[in-house]
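J.: Handing you this structure, nothing more for now.
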Amino acid sequence: MAVDWPGLFRLANAVALIAWLILILAPRRPWLVEALRLGVAGGLATLYVGLIVTALTVGFAGPAGPSPDFSTIAGVRAIFATDGGAVTGWIHYLAFDLVAGLWIAGDADARGIGRLVQAPALVLCFLAGPAGLFIHLVMTRLIWRQKVP
């Protein structure tokens, strides 16, 4: 069975974008945060695990293609040169960035930081994962130094 890599890419992007919009804009009800954590981040992580296990056993390019080689830059470049490798890697980023965003939101809420102040770090986390986390940590640990009650 062939995978519709462009379709899977679009679907994962749409799901992640909706989750980020909910995280940034919607009221943070515990059940909603848990749905984002388990349903979306967990769903993306589960999809990633399935794709990576398949890649390690069959290969990103199918049985006729080369096995993934994570031990060299040339091997990693070859993985990302395939649609399967690029989509699998992208889903990895989407899942981890959403987990980081959920942590940022929870940490900021616990520190009493308003949603408007949180938004730049969350948007940056969505766009460039570690950069948003870095901004949040600088703001909360070095500038404001709010303690969690």
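Labeling convention for the structure tokens: chains A, B, ... as they appear, residues from 1 per chain, ligands from 1 in order of appearance.
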Report as a list of chain:residue names all protein, DNA and RNA residues lying within 10 Å of Ala95 of chain A, evaluated on only C-alpha atoms, omitting residues in the same chain fewer than 2 positions from it.
T.: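 The residues that qualify are A:Ala12, A:Ala16, A:Arg37, A:Val40, A:Ala41, A:Gly42, A:Gly43, A:Leu44, A:Ala45, A:Thr46, A:Leu47, A:Tyr48, A:Trp90, A:Ile91, A:His92, A:Tyr93, A:Asp97, A:Leu98, A:Val99, A:Ala100, A:Gly101.
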J.: Taking 5 positions as the minimum chain separation for residues in the same chain, which residues sit within 10 Å of segment 105-114 of chain A when counting only C-alpha atoms? Answer as a tab-separated table (two decimals) with N, CA and C atoms, in the first residue's frame.
T.:
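To be explicit, this is the file written out as selection09.tsv:
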```
chain	number	residue	atom	x	y	z
A	23	LEU	N	-4.91	26.18	21.59
A	23	LEU	CA	-4.03	26.42	22.73
A	23	LEU	C	-3.85	27.91	22.99
A	24	ILE	N	-3.68	28.69	21.94
A	24	ILE	CA	-3.41	30.11	22.10
A	24	ILE	C	-4.68	30.91	22.37
A	28	ARG	N	-8.58	27.75	28.59
A	28	ARG	CA	-7.80	26.54	28.93
A	28	ARG	C	-8.53	25.69	29.96
A	33	VAL	N	-7.19	20.95	27.44
A	33	VAL	CA	-5.73	20.80	27.45
A	33	VAL	C	-5.37	19.32	27.36
A	99	VAL	N	4.02	19.62	22.34
A	99	VAL	CA	4.28	19.26	23.74
A	99	VAL	C	4.97	20.43	24.45
A	100	ALA	N	5.95	21.03	23.80
A	100	ALA	CA	6.63	22.19	24.40
A	100	ALA	C	5.65	23.34	24.60
A	119	ALA	N	1.30	34.65	24.49
A	119	ALA	CA	1.09	34.43	23.06
A	119	ALA	C	2.38	34.52	22.23
A	121	ALA	N	5.51	33.83	22.96
A	121	ALA	CA	6.32	32.62	23.16
A	121	ALA	C	5.65	31.42	22.52
A	122	LEU	N	4.32	31.34	22.63
A	122	LEU	CA	3.61	30.21	22.02
A	122	LEU	C	3.66	30.26	20.50
A	136	HIS	N	10.30	31.87	26.51
A	136	HIS	CA	9.50	31.66	27.72
A	136	HIS	C	10.41	31.51	28.94
A	137	LEU	N	11.45	30.72	28.83
A	137	LEU	CA	12.34	30.51	29.98
A	137	LEU	C	13.06	31.79	30.37
A	139	MET	N	11.94	34.85	29.87
A	139	MET	CA	10.94	35.75	30.47
A	139	MET	C	10.61	35.34	31.90
A	140	THR	N	10.43	34.05	32.13
A	140	THR	CA	9.94	33.61	33.44
A	140	THR	C	11.05	33.36	34.45
A	144	TRP	N	11.13	38.15	34.83
A	144	TRP	CA	10.07	38.35	35.82
A	144	TRP	C	10.28	37.53	37.08
A	145	ARG	N	10.85	36.37	36.93
A	145	ARG	CA	11.14	35.47	38.05
A	145	ARG	C	9.91	35.16	38.91
A	146	GLN	N	8.79	34.99	38.24
A	146	GLN	CA	7.59	34.60	38.99
A	146	GLN	C	7.80	33.19	39.53
A	147	LYS	N	7.34	33.00	40.75
A	147	LYS	CA	7.37	31.67	41.35
A	147	LYS	C	6.02	31.03	41.15
A	148	VAL	N	6.03	29.73	41.02
A	148	VAL	CA	4.78	29.00	40.92
A	148	VAL	C	4.22	28.92	42.34
A	149	PRO	N	2.94	29.33	42.50
A	149	PRO	CA	2.34	29.33	43.86
A	149	PRO	C	2.30	27.93	44.46
```
J.: What does the distance from atom CA of Val76 of chain A to atom CA of Cys125 of chain A come to in Å, to one decimal?
T.: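 Computing it gives 24.1 Å between the two atoms.
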J.: According to DSSP computed on the backbone, where in segment 48-132 of chain A is there helix (DSSP H, G or I)? Give the residues as number ranges by chain.
T.: A: 48-57, 73-80, 83-110, 115-132
J.: Hey, which of A:Leu102, A:Arg29, A:Thr72, A:Arg115 ends up closest to Leu133 of chain A? Count only C-alpha atoms.
T.: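 Among the listed residues, the smallest separation from Leu133 of chain A belongs to A:Leu102.
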J.: Would you compute the distance between atom CA of Ala86 of chain A and atom CA of Ser71 of chain A? Give it in Å to one decimal.
T.: 17.1 Å
